[in-house]
Each structure stands twice: as structure tokens, then as C-alpha cells.
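Student: Quick one, run05.txt (compact mmCIF, C-alpha atoms):
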```txt
# COMPACT_ATOMS: atom_id res chain seq x y z
CA MET P 1 -95.34 -30.75 39.07
CA THR P 2 -97.61 -33.16 40.89
CA ASN P 3 -96.54 -36.73 41.55
CA ARG P 4 -99.34 -38.02 39.29
CA ILE P 5 -98.17 -35.97 36.27
CA TYR P 6 -94.56 -36.98 36.95
CA LEU P 7 -95.57 -40.66 37.06
CA VAL P 8 -97.48 -40.36 33.77
CA LEU P 9 -94.42 -38.77 32.11
CA ILE P 10 -92.14 -41.56 33.34
CA ILE P 11 -94.51 -44.31 32.15
CA SER P 12 -94.85 -42.58 28.77
CA ALA P 13 -91.06 -42.34 28.40
CA VAL P 14 -90.60 -46.03 29.30
CA LEU P 15 -93.25 -47.14 26.82
CA THR P 16 -91.73 -44.98 24.07
CA CYS P 17 -88.23 -46.36 24.70
CA THR P 18 -89.56 -49.93 24.73
CA ALA P 19 -91.43 -49.42 21.46
CA ASN P 20 -88.37 -47.83 19.83
CA ALA P 21 -86.10 -50.65 21.02
CA GLN P 22 -88.47 -53.29 19.62
CA ALA P 23 -88.74 -51.46 16.29
CA ASN P 24 -84.96 -51.18 15.87
CA THR P 25 -84.00 -54.39 14.07
CA ASN P 26 -80.55 -53.16 13.01
CA MET P 27 -78.99 -53.65 16.44
CA THR P 28 -76.88 -56.74 17.00
CA ASP P 29 -78.29 -58.91 19.76
CA PRO P 30 -75.23 -59.81 21.87
CA THR P 31 -77.15 -62.68 23.47
CA LYS P 32 -77.29 -64.51 20.11
CA THR P 33 -73.53 -65.11 19.95
CA THR P 34 -71.20 -66.15 22.72
CA TYR P 35 -68.49 -63.59 22.01
CA GLY P 36 -70.41 -60.97 20.06
CA GLN P 37 -69.44 -59.89 16.58
CA ARG P 38 -67.17 -57.13 15.40
CA ASN P 39 -69.17 -54.30 13.86
CA GLN P 40 -68.12 -53.87 10.23
CA ASN P 41 -68.01 -50.11 10.86
CA ALA P 42 -65.77 -50.38 13.94
CA PRO P 43 -62.35 -48.74 13.51
CA LYS P 44 -59.76 -51.11 12.01
CA GLU P 45 -57.54 -50.36 15.03
CA LEU P 46 -59.87 -52.51 17.15
CA ASP P 47 -58.29 -55.53 15.42
CA VAL P 48 -55.16 -54.96 17.55
CA PHE P 49 -56.94 -56.69 20.45
CA SER P 50 -59.05 -59.15 18.44
CA PHE P 51 -56.79 -62.02 19.54
CA LEU P 52 -58.47 -61.73 22.96
CA ILE P 53 -61.86 -62.84 21.61
CA GLY P 54 -62.77 -66.26 22.98
CA THR P 55 -62.19 -68.23 26.16
CA TRP P 56 -58.65 -68.86 27.33
CA VAL P 57 -57.11 -70.82 30.19
CA GLY P 58 -53.73 -69.78 31.48
CA LYS P 59 -51.04 -70.81 33.92
CA GLY P 60 -49.91 -67.76 35.84
CA LYS P 61 -46.94 -66.77 37.99
CA THR P 62 -46.57 -63.68 40.17
CA LYS P 63 -43.37 -62.57 41.89
CA LEU P 64 -44.15 -61.87 45.53
CA ASP P 65 -42.47 -59.25 47.72
CA ASP P 66 -40.73 -61.96 49.77
CA GLY P 67 -39.04 -63.35 46.63
CA LYS P 68 -41.33 -66.37 46.30
CA VAL P 69 -43.43 -67.06 43.20
CA ALA P 70 -47.16 -67.79 43.38
CA GLU P 71 -48.58 -70.06 40.67
CA TYR P 72 -52.26 -70.31 39.72
CA THR P 73 -54.74 -71.00 36.92
CA VAL P 74 -56.63 -68.16 35.22
CA THR P 75 -59.59 -68.00 32.83
CA TRP P 76 -59.68 -65.02 30.44
CA ILE P 77 -62.80 -64.32 28.35
CA GLY P 78 -62.86 -61.73 25.58
CA ARG P 79 -65.93 -60.48 23.67
CA TYR P 80 -67.05 -57.76 21.34
CA ILE P 81 -69.49 -55.47 23.13
CA LEU P 82 -71.52 -52.31 22.49
CA ASP P 83 -72.77 -53.48 19.11
CA GLY P 84 -69.30 -54.75 18.17
CA THR P 85 -67.51 -51.41 18.55
CA ALA P 86 -65.44 -52.25 21.66
CA ILE P 87 -63.86 -55.25 23.39
CA ALA P 88 -64.39 -56.36 26.98
CA ASP P 89 -62.03 -58.95 28.34
CA GLU P 90 -62.35 -60.34 31.81
CA CYS P 91 -60.04 -62.28 34.09
CA HIS P 92 -61.22 -64.91 36.58
CA GLY P 93 -58.88 -66.69 38.95
CA PRO P 94 -57.26 -66.66 42.35
CA ALA P 95 -55.05 -63.81 43.51
CA PRO P 96 -51.54 -64.84 44.61
CA ASP P 97 -52.82 -65.22 48.20
CA GLY P 98 -55.59 -67.59 47.03
CA SER P 99 -58.47 -65.12 47.39
CA PRO P 100 -60.86 -64.73 44.40
CA TYR P 101 -59.73 -62.30 41.72
CA LEU P 102 -62.02 -60.70 39.13
CA GLY P 103 -61.22 -57.90 36.72
CA ILE P 104 -62.39 -56.58 33.36
CA ASN P 105 -60.77 -54.39 30.70
CA LEU P 106 -62.79 -52.19 28.34
CA ARG P 107 -60.99 -51.36 25.07
CA GLN P 108 -62.19 -48.89 22.46
CA TYR P 109 -60.47 -46.91 19.72
CA ASP P 110 -61.68 -43.34 19.20
CA PRO P 111 -61.10 -42.59 15.48
CA ASN P 112 -62.03 -38.91 15.87
CA ARG P 113 -59.27 -38.26 18.40
CA LYS P 114 -57.04 -41.04 17.03
CA THR P 115 -56.54 -42.53 20.47
CA TRP P 116 -57.24 -45.64 22.48
CA ILE P 117 -59.48 -45.66 25.53
CA VAL P 118 -58.54 -48.53 27.85
CA GLU P 119 -60.01 -48.84 31.33
CA TYR P 120 -59.60 -51.58 33.91
CA LEU P 121 -62.12 -52.40 36.61
CA ASN P 122 -60.59 -54.46 39.40
CA VAL P 123 -63.70 -55.97 40.93
CA SER P 124 -61.80 -57.74 43.71
CA GLY P 125 -59.86 -54.61 44.70
CA SER P 126 -62.83 -52.26 44.13
CA PHE P 127 -61.08 -49.75 41.89
CA LEU P 128 -61.32 -48.44 38.34
CA ARG P 129 -58.14 -47.35 36.58
CA ARG P 130 -57.93 -45.56 33.26
CA LEU P 131 -54.88 -47.00 31.55
CA VAL P 132 -54.99 -45.10 28.26
CA ASP P 133 -56.77 -42.07 26.84
CA ARG P 134 -55.71 -39.09 24.74
CA ARG P 135 -53.77 -37.54 27.65
CA LEU P 136 -52.10 -40.54 29.27
CA GLY P 137 -50.78 -43.99 28.52
CA SER P 138 -50.24 -45.62 25.16
CA VAL P 139 -50.89 -48.70 23.04
CA THR P 140 -47.91 -49.78 20.95
CA VAL P 141 -47.84 -52.57 18.37
CA ARG P 142 -44.60 -54.22 17.26
CA GLY P 143 -45.13 -57.25 15.08
CA ARG P 144 -47.26 -59.69 17.08
CA SER P 145 -46.70 -57.89 20.39
CA VAL P 146 -48.96 -55.26 21.92
CA THR P 147 -47.88 -53.09 24.86
CA VAL P 148 -50.25 -51.04 27.00
CA ALA P 149 -48.34 -48.51 29.11
CA SER P 150 -49.78 -46.33 31.86
CA GLU P 151 -48.82 -44.17 34.81
CA SER P 152 -50.34 -43.80 38.24
CA PRO P 153 -49.02 -41.93 41.29
CA GLY P 154 -45.70 -43.53 42.23
CA MET P 155 -45.85 -46.32 39.66
CA SER P 156 -45.36 -46.92 35.95
CA TYR P 157 -47.14 -49.97 34.61
CA ARG P 158 -47.04 -51.84 31.33
CA GLU P 159 -48.88 -54.86 30.03
CA ARG P 160 -47.31 -56.86 27.23
CA TYR P 161 -49.31 -59.24 25.09
CA ASP P 162 -47.18 -61.55 22.94
CA VAL P 163 -49.34 -63.44 20.43
CA GLU P 164 -47.65 -66.69 19.47
CA ASP P 165 -50.42 -67.96 17.18
CA GLY P 166 -54.24 -68.23 17.01
CA GLY P 167 -54.31 -70.57 19.99
CA ASN P 168 -51.62 -69.18 22.31
CA TRP P 169 -50.54 -65.85 23.79
CA VAL P 170 -48.61 -64.63 26.80
CA PHE P 171 -49.56 -61.79 29.16
CA ARG P 172 -46.82 -60.05 31.11
CA ALA P 173 -47.15 -57.16 33.56
CA ASP P 174 -44.13 -55.05 34.52
CA THR P 175 -43.91 -52.31 37.15
CA SER P 176 -41.51 -49.46 37.87
CA THR P 177 -41.40 -47.22 40.93
CA ASP P 178 -38.63 -44.94 39.63
CA GLY P 179 -40.31 -43.42 36.59
CA GLY P 180 -39.27 -46.22 34.23
CA LYS P 181 -35.52 -46.17 34.95
CA SER P 182 -35.71 -49.77 36.16
CA TRP P 183 -38.46 -52.36 35.79
CA ASN P 184 -39.69 -55.37 37.71
CA GLU P 185 -40.13 -57.33 34.47
CA GLY P 186 -42.38 -60.34 34.47
CA TRP P 187 -43.91 -59.35 37.81
CA VAL P 188 -46.93 -61.24 36.45
CA GLU P 189 -46.70 -63.73 33.59
CA ILE P 190 -49.58 -65.85 32.30
CA ARG P 191 -49.38 -68.24 29.33
CA PHE P 192 -52.77 -68.74 27.70
CA GLN P 193 -54.21 -71.45 25.47
CA ARG P 194 -57.53 -71.18 23.62
CA VAL P 195 -60.44 -73.21 24.99
CA LYS P 196 -63.11 -71.77 22.61
```
Represent the structure contained in this file as C-alpha cells.

Tutor:
Amino acid sequence: MTNRIYLVLIISAVLTCTANAQANTNMTDPTKTTYGQRNQNAPKELDVFSFLIGTWVGKGKTKLDDGKVAEYTVTWIGRYILDGTAIADECHGPAPDGSPYLGINLRQYDPNRKTWIVEYLNVSGSFLRRLVDRRLGSVTVRGRSVTVASESPGMSYRERYDVEDGGNWVFRADTSTDGGKSWNEGWVEIRFQRVK
């Protein structure tokens, strides 16, 4: 195929996609609302993490290897994404050593497989970690507490979200290096209050 024919095909495809996107008025425009909107057809299980929607400021503490505790301020922003069928929540703040820390979770419930898909992109550390899917990890709800448990080589990890009310929740991260026999509980603890 000559370059000229290939270029014509690409331009045609772009124009078709643009015309189709402009004609589709049923899509939610995420730029019209700050935190997106939950799609009415999204699985009801997505409500488990709906408390994250909004902007939150938290006071955090991390236990360091030398026994000291680092304290810092964190901003957490949660929104509905992908036409309201998933939640993205991002963390902005300093790492315990004072360097910038950025990370984002993507949370979706797959009703066909009856499983959560939770992935975490650590922007500062340049890694992507799948926390939960149909083969690994879990999301457990007990009352107003949600636990996300996952495994990686040499470490078990769990996040606990304790929702106190509509304006306050606590994030805790625990680690285990012996397969869950013992835990470093409260390795990270952040108490959040709603800003918006």
C-alpha cells in the first residue's frame, strides 16, 4: 500500500470517528462536573467506594524502618470516570522523606465475573500494581469498613477504609512479610476530612 493511500485511510478514519463522537449525545461529558456522575447502569457494587468521591485533606503518619514516625498532609481526590462506570481516586502529598508523592487507584466492578478490578499506579515510584482481580486479592465490606487485600512477591498488603460519616474517613495500610502470620498494622494511617 502506498503512503498516499495509507494517509487517505487514516484521515478518513479520523474524520469518521470525529463525526461519530459529535453525533453521540448520550455520553456524559466528564468536563461538565468536577467529580463526574455515577452511571445509573453501573453495578450497585460500585457504591462500596462512593465515599471517595470528592476532595479530601488528610493528616498522615507512616512508621519508618528506624522506628520514627513521619507526619505529613495529603490531598485525596475521587471521581467517577469512564462514563460513570468506574472510580479513580488519586493521592497527592509528600512521601515520608519529603519528596513528592503521586498515585492513583482505578476501581471497577465486573458484574459478569462478579469480581472487583482494582489497580494502583504509583506515579512517583513508576510502577503499576494490580491489587484485585478474579484471580488475586479481595474487597471485603464489614459495616462501614472496606478492606482491599492483595499479595505481591514477599509481601501481603491490605488497605482498610473506615468511613466515620459523610465528612470523615480513615485510610490504613498494613503489611506482612510472613504470609499474613503477623502484620505491621497502621504502617500508614491517614485521617481525612471532606473539603468538597

Student: So, counting only C-alpha atoms, which residue among P:Ile81, P:Val118, P:Val170, P:Val74 is closest to P:Arg130?

Tutor: P:Val118

Student: Using only C-alpha atoms, which of P:Val163, P:Glu185, P:Arg129, P:Val139 sits nearest P:Lys114?

Tutor: P:Val139

Student: Can you tell me, as a ChimeraX atom specification, what residues are no more than 10 Å from P:Ile53 when counting only C-alpha atoms, ignoring any on the same chain fewer than 2 positions away?

Tutor: /P:34-38,49-51,55-56,76-80,87-89,194,196

Student: How many Å separate atom CA of P:Gly54 from atom CA of P:Gly166?

Tutor: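 Answer for the atom CA of P:Gly54 to atom CA of P:Gly166 separation: 10.6 Å.
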
Student: Just to confirm, what's the straight-line distance from atom CA of P:Arg160 to atom CA of P:Lys68 in Å (one decimal)?

Tutor: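 If I compute the distance from atom CA of P:Arg160 to atom CA of P:Lys68, I get 22.1 Å.
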
Student: Find the residues around P:Glu71 up to 12 Å (only C-alpha atoms counted), leave out those fewer than 3 positions away in its own chain, and share them as number ranges by chain.

Tutor: P: 58-64, 68, 74, 93-98, 188-191

Student: Quick check, in Å to one decimal: how far apart do atom CA of P:Gly186 and atom CA of P:Glu159 lie?

Tutor: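 We find that atom CA of P:Gly186 and atom CA of P:Glu159 lie 9.6 Å from each other.
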
Student: Restricting the calculation to only C-alpha atoms, which member of P:Met155, P:Val123, P:Leu52, P:Val69 is positioned closest to P:Leu102?

Tutor: P:Val123

Student: Which is closer to P:Val57 than all the others in P:Trp169, P:Ser126, P:Thr175, P:Arg107, using only C-alpha atoms?

Tutor: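 Closest candidate: P:Trp169.
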
Student: Using all atoms listed in the file, which of P:Pro153, P:Gly67, P:Gly125, P:Gly180 sits nearest P:Gly103?

Tutor: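 Comparing P:Pro153, P:Gly67, P:Gly125, P:Gly180 against P:Gly103, the winner is P:Gly125.
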
Student: Which residue out of P:Thr115, P:Ala173, P:Ser156, P:Ile104 has the minimum interatomic distance to P:Thr75 when only C-alpha atoms are used?

Tutor: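 Of the candidates, the smallest distance to P:Thr75 is held by P:Ile104.
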
Student: For stretch 148-150 of chain P, find every residue with an atom within 6 Å (counting all atoms listed in the file), except residues of its own chain fewer than 3 positions away, and show them as a PDB file with C-alpha atoms, keeping the file's coordinate frame.

Tutor:
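File written: out06.pdb
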```
ATOM      1  CA  LEU P 131     -54.880 -47.000  31.550  1.00  0.00           C
ATOM      2  CA  GLY P 137     -50.780 -43.990  28.520  1.00  0.00           C
ATOM      3  CA  SER P 138     -50.240 -45.620  25.160  1.00  0.00           C
ATOM      4  CA  VAL P 139     -50.890 -48.700  23.040  1.00  0.00           C
ATOM      5  CA  TYR P 157     -47.140 -49.970  34.610  1.00  0.00           C
ATOM      6  CA  ARG P 158     -47.040 -51.840  31.330  1.00  0.00           C
ATOM      7  CA  GLU P 159     -48.880 -54.860  30.030  1.00  0.00           C
TER       8      GLU P 159
END
```
